[in-house]
Amino acid sequence: MEWIDTHTHLFLPEFDADRDAVIQRALQTGVKYMLLPNIDENSLQSLYACATQYADCCKAMMGLHPCSVNREVKKQLQIIAKQFDENKFIAVGEIGLDYYWDLTYRAEQLEAFRTQLHWAGEWHLPVSVHSRSSLDDCIQEIKNIQRGQLKGVFHCFTGTIEQAKQIIDLGFALGIGGVITFPKSTALRETISQIPPAHIVLETDAPYLSPVPFRGKRNESSRIPYIAQTLSSLYDLHESEIARITTANALRIFPI
């Protein structure tokens, strides 16, 4: 079986001590590709180092994470935009809106999201959307400019069936990670059971959101099969079929 982890931050300091072992475990598990969303200007060096050292399997995205946006958003975006002039990326990401932690820079978050969505359309790149506590607004922002040229993934989807259908109607996929394995995620499992697997991709969001039975521990890409096990039960499909479908979905979205 071959898997794709469509969202993993293997370049973060949490992996500095054993990054090679983490990536080797993922490869041995069958995770062929690990897609790396950038965070901000401060993560560029470590992102590039990881994507260069493990170029066969680690593929970089480029974007400005909403939680990193500040009053200097225009300067931040200039730095990120410059990266596209000098390098090739498989997506614009991780971009979006985050209303969970702090609303101080909500206007700046919107500016960054809209600007980066414009880049994605102009450069024909998919997007990785961060939508924590902001799912309806993220959907609306894409609706406002979608003319058939935008595609991508709503990372860490935990919304309702109505929101899922809107996302699919926009031509986007749902990124499903460890949250779906949590005991209290009954509503999410019910929602996903109603969505055809053709609209699902797998992700870990490592080092965060470890699936059961690893909750509370550092997550890593080798745990993709634990997420797939839950989907296998929901869809009554063999894990190999989940691997085949979700990998094909990811390859349709990302120019790997």
# chains A, B, ... in the order shown; residues from 1 in each chain; ligands from 1
call {"tool": "select_by_dssp", "arguments": {"residues": "region 100-251 of chain A", "states": "strand (DSSP E)", "output": "PyMOL selection string"}}
result
chain A and resi 127-130+152-154+172-176+200-202
call {"tool": "closest_atom_pairs", "arguments": {"of": "region 66-180 of chain A", "to": "region 216-238 of chain A", "cutoff": "9 Å", "atoms": "only C-alpha atoms", "output": "JSON lines"}}
result
{"residue": "A:Ile176", "atom": "CA", "partner": "A:Ile227", "partner_atom": "CA", "distance": 7.8}
{"residue": "A:Gly177", "atom": "CA", "partner": "A:Ile227", "partner_atom": "CA", "distance": 6.1}
{"residue": "A:Gly178", "atom": "CA", "partner": "A:Ile227", "partner_atom": "CA", "distance": 5.8}
{"residue": "A:Val179", "atom": "CA", "partner": "A:Ile227", "partner_atom": "CA", "distance": 8.6}
{"residue": "A:Ile180", "atom": "CA", "partner": "A:Ile227", "partner_atom": "CA", "distance": 7.2}
call {"tool": "write_last_selection", "arguments": {"atoms": "C-alpha atoms", "output": "tab-separated table (two decimals), in the first residue's frame"}}
result
chain	number	residue	atom	x	y	z
A	176	ILE	CA	-8.78	14.03	7.40
A	177	GLY	CA	-6.33	13.43	10.22
A	178	GLY	CA	-6.03	12.09	13.73
A	179	VAL	CA	-9.09	13.94	15.06
A	180	ILE	CA	-11.36	11.41	13.37
call {"tool": "residues_around", "arguments": {"residues": "Gln78 (chain A)", "least_positions_apart": "2", "cutoff": "12 Å", "atoms": "only C-alpha atoms", "output": "PDB file with C-alpha atoms, in the first residue's frame"}}
result
ATOM      1  CA  ASP A  40       6.079  31.968   7.891  1.00  0.00           C
ATOM      2  CA  GLU A  41       9.347  33.748   7.089  1.00  0.00           C
ATOM      3  CA  GLY A  63       2.550  30.334   2.249  1.00  0.00           C
ATOM      4  CA  LEU A  64       1.935  32.485   5.306  1.00  0.00           C
ATOM      5  CA  GLU A  72       3.526  43.975   9.027  1.00  0.00           C
ATOM      6  CA  VAL A  73       1.489  41.679   6.800  1.00  0.00           C
ATOM      7  CA  LYS A  74       2.490  43.425   3.577  1.00  0.00           C
ATOM      8  CA  LYS A  75       6.175  42.909   4.339  1.00  0.00           C
ATOM      9  CA  GLN A  76       5.477  39.312   5.340  1.00  0.00           C
ATOM     10  CA  ILE A  80       6.696  34.847   0.862  1.00  0.00           C
ATOM     11  CA  ALA A  81       6.026  36.054  -2.695  1.00  0.00           C
ATOM     12  CA  LYS A  82       9.758  36.279  -3.346  1.00  0.00           C
ATOM     13  CA  GLN A  83      10.089  32.564  -2.611  1.00  0.00           C
ATOM     14  CA  PHE A  84       7.906  31.762  -5.615  1.00  0.00           C
ATOM     15  CA  ASP A  85      10.296  33.705  -7.847  1.00  0.00           C
ATOM     16  CA  ALA A 112      -3.137  37.613   3.556  1.00  0.00           C
ATOM     17  CA  THR A 115      -3.690  37.759  -1.587  1.00  0.00           C
ATOM     18  CA  GLN A 116      -2.467  34.169  -1.438  1.00  0.00           C
TER      19      GLN A 116
END
call {"tool": "residues_around", "arguments": {"residues": "Thr160 (chain A)", "least_positions_apart": "5", "cutoff": "9 Å", "atoms": "only C-alpha atoms", "output": "list in words"}}
result
Lys165, Ala187, Leu188, Thr191 and Ile192 of chain A
call {"tool": "atom_distance", "arguments": {"atom1": "CA of Tyr54 (chain A)", "atom2": "CA of Ala21 (chain A)"}}
result
12.0 Å
call {"tool": "closest_residue", "arguments": {"among": "A:Asn144, A:Thr247, A:Gln28, A:Thr186", "to": "His118 (chain A)", "atoms": "only C-alpha atoms"}}
result
A:Asn144
call {"tool": "residues_around", "arguments": {"residues": "His7 (chain A)", "least_positions_apart": "6", "cutoff": "10 Å", "atoms": "only C-alpha atoms", "output": "MDAnalysis selection string"}}
result
chainID A and resid 34:37 61 93:94 128 153 155:156 175:177 201:206 221
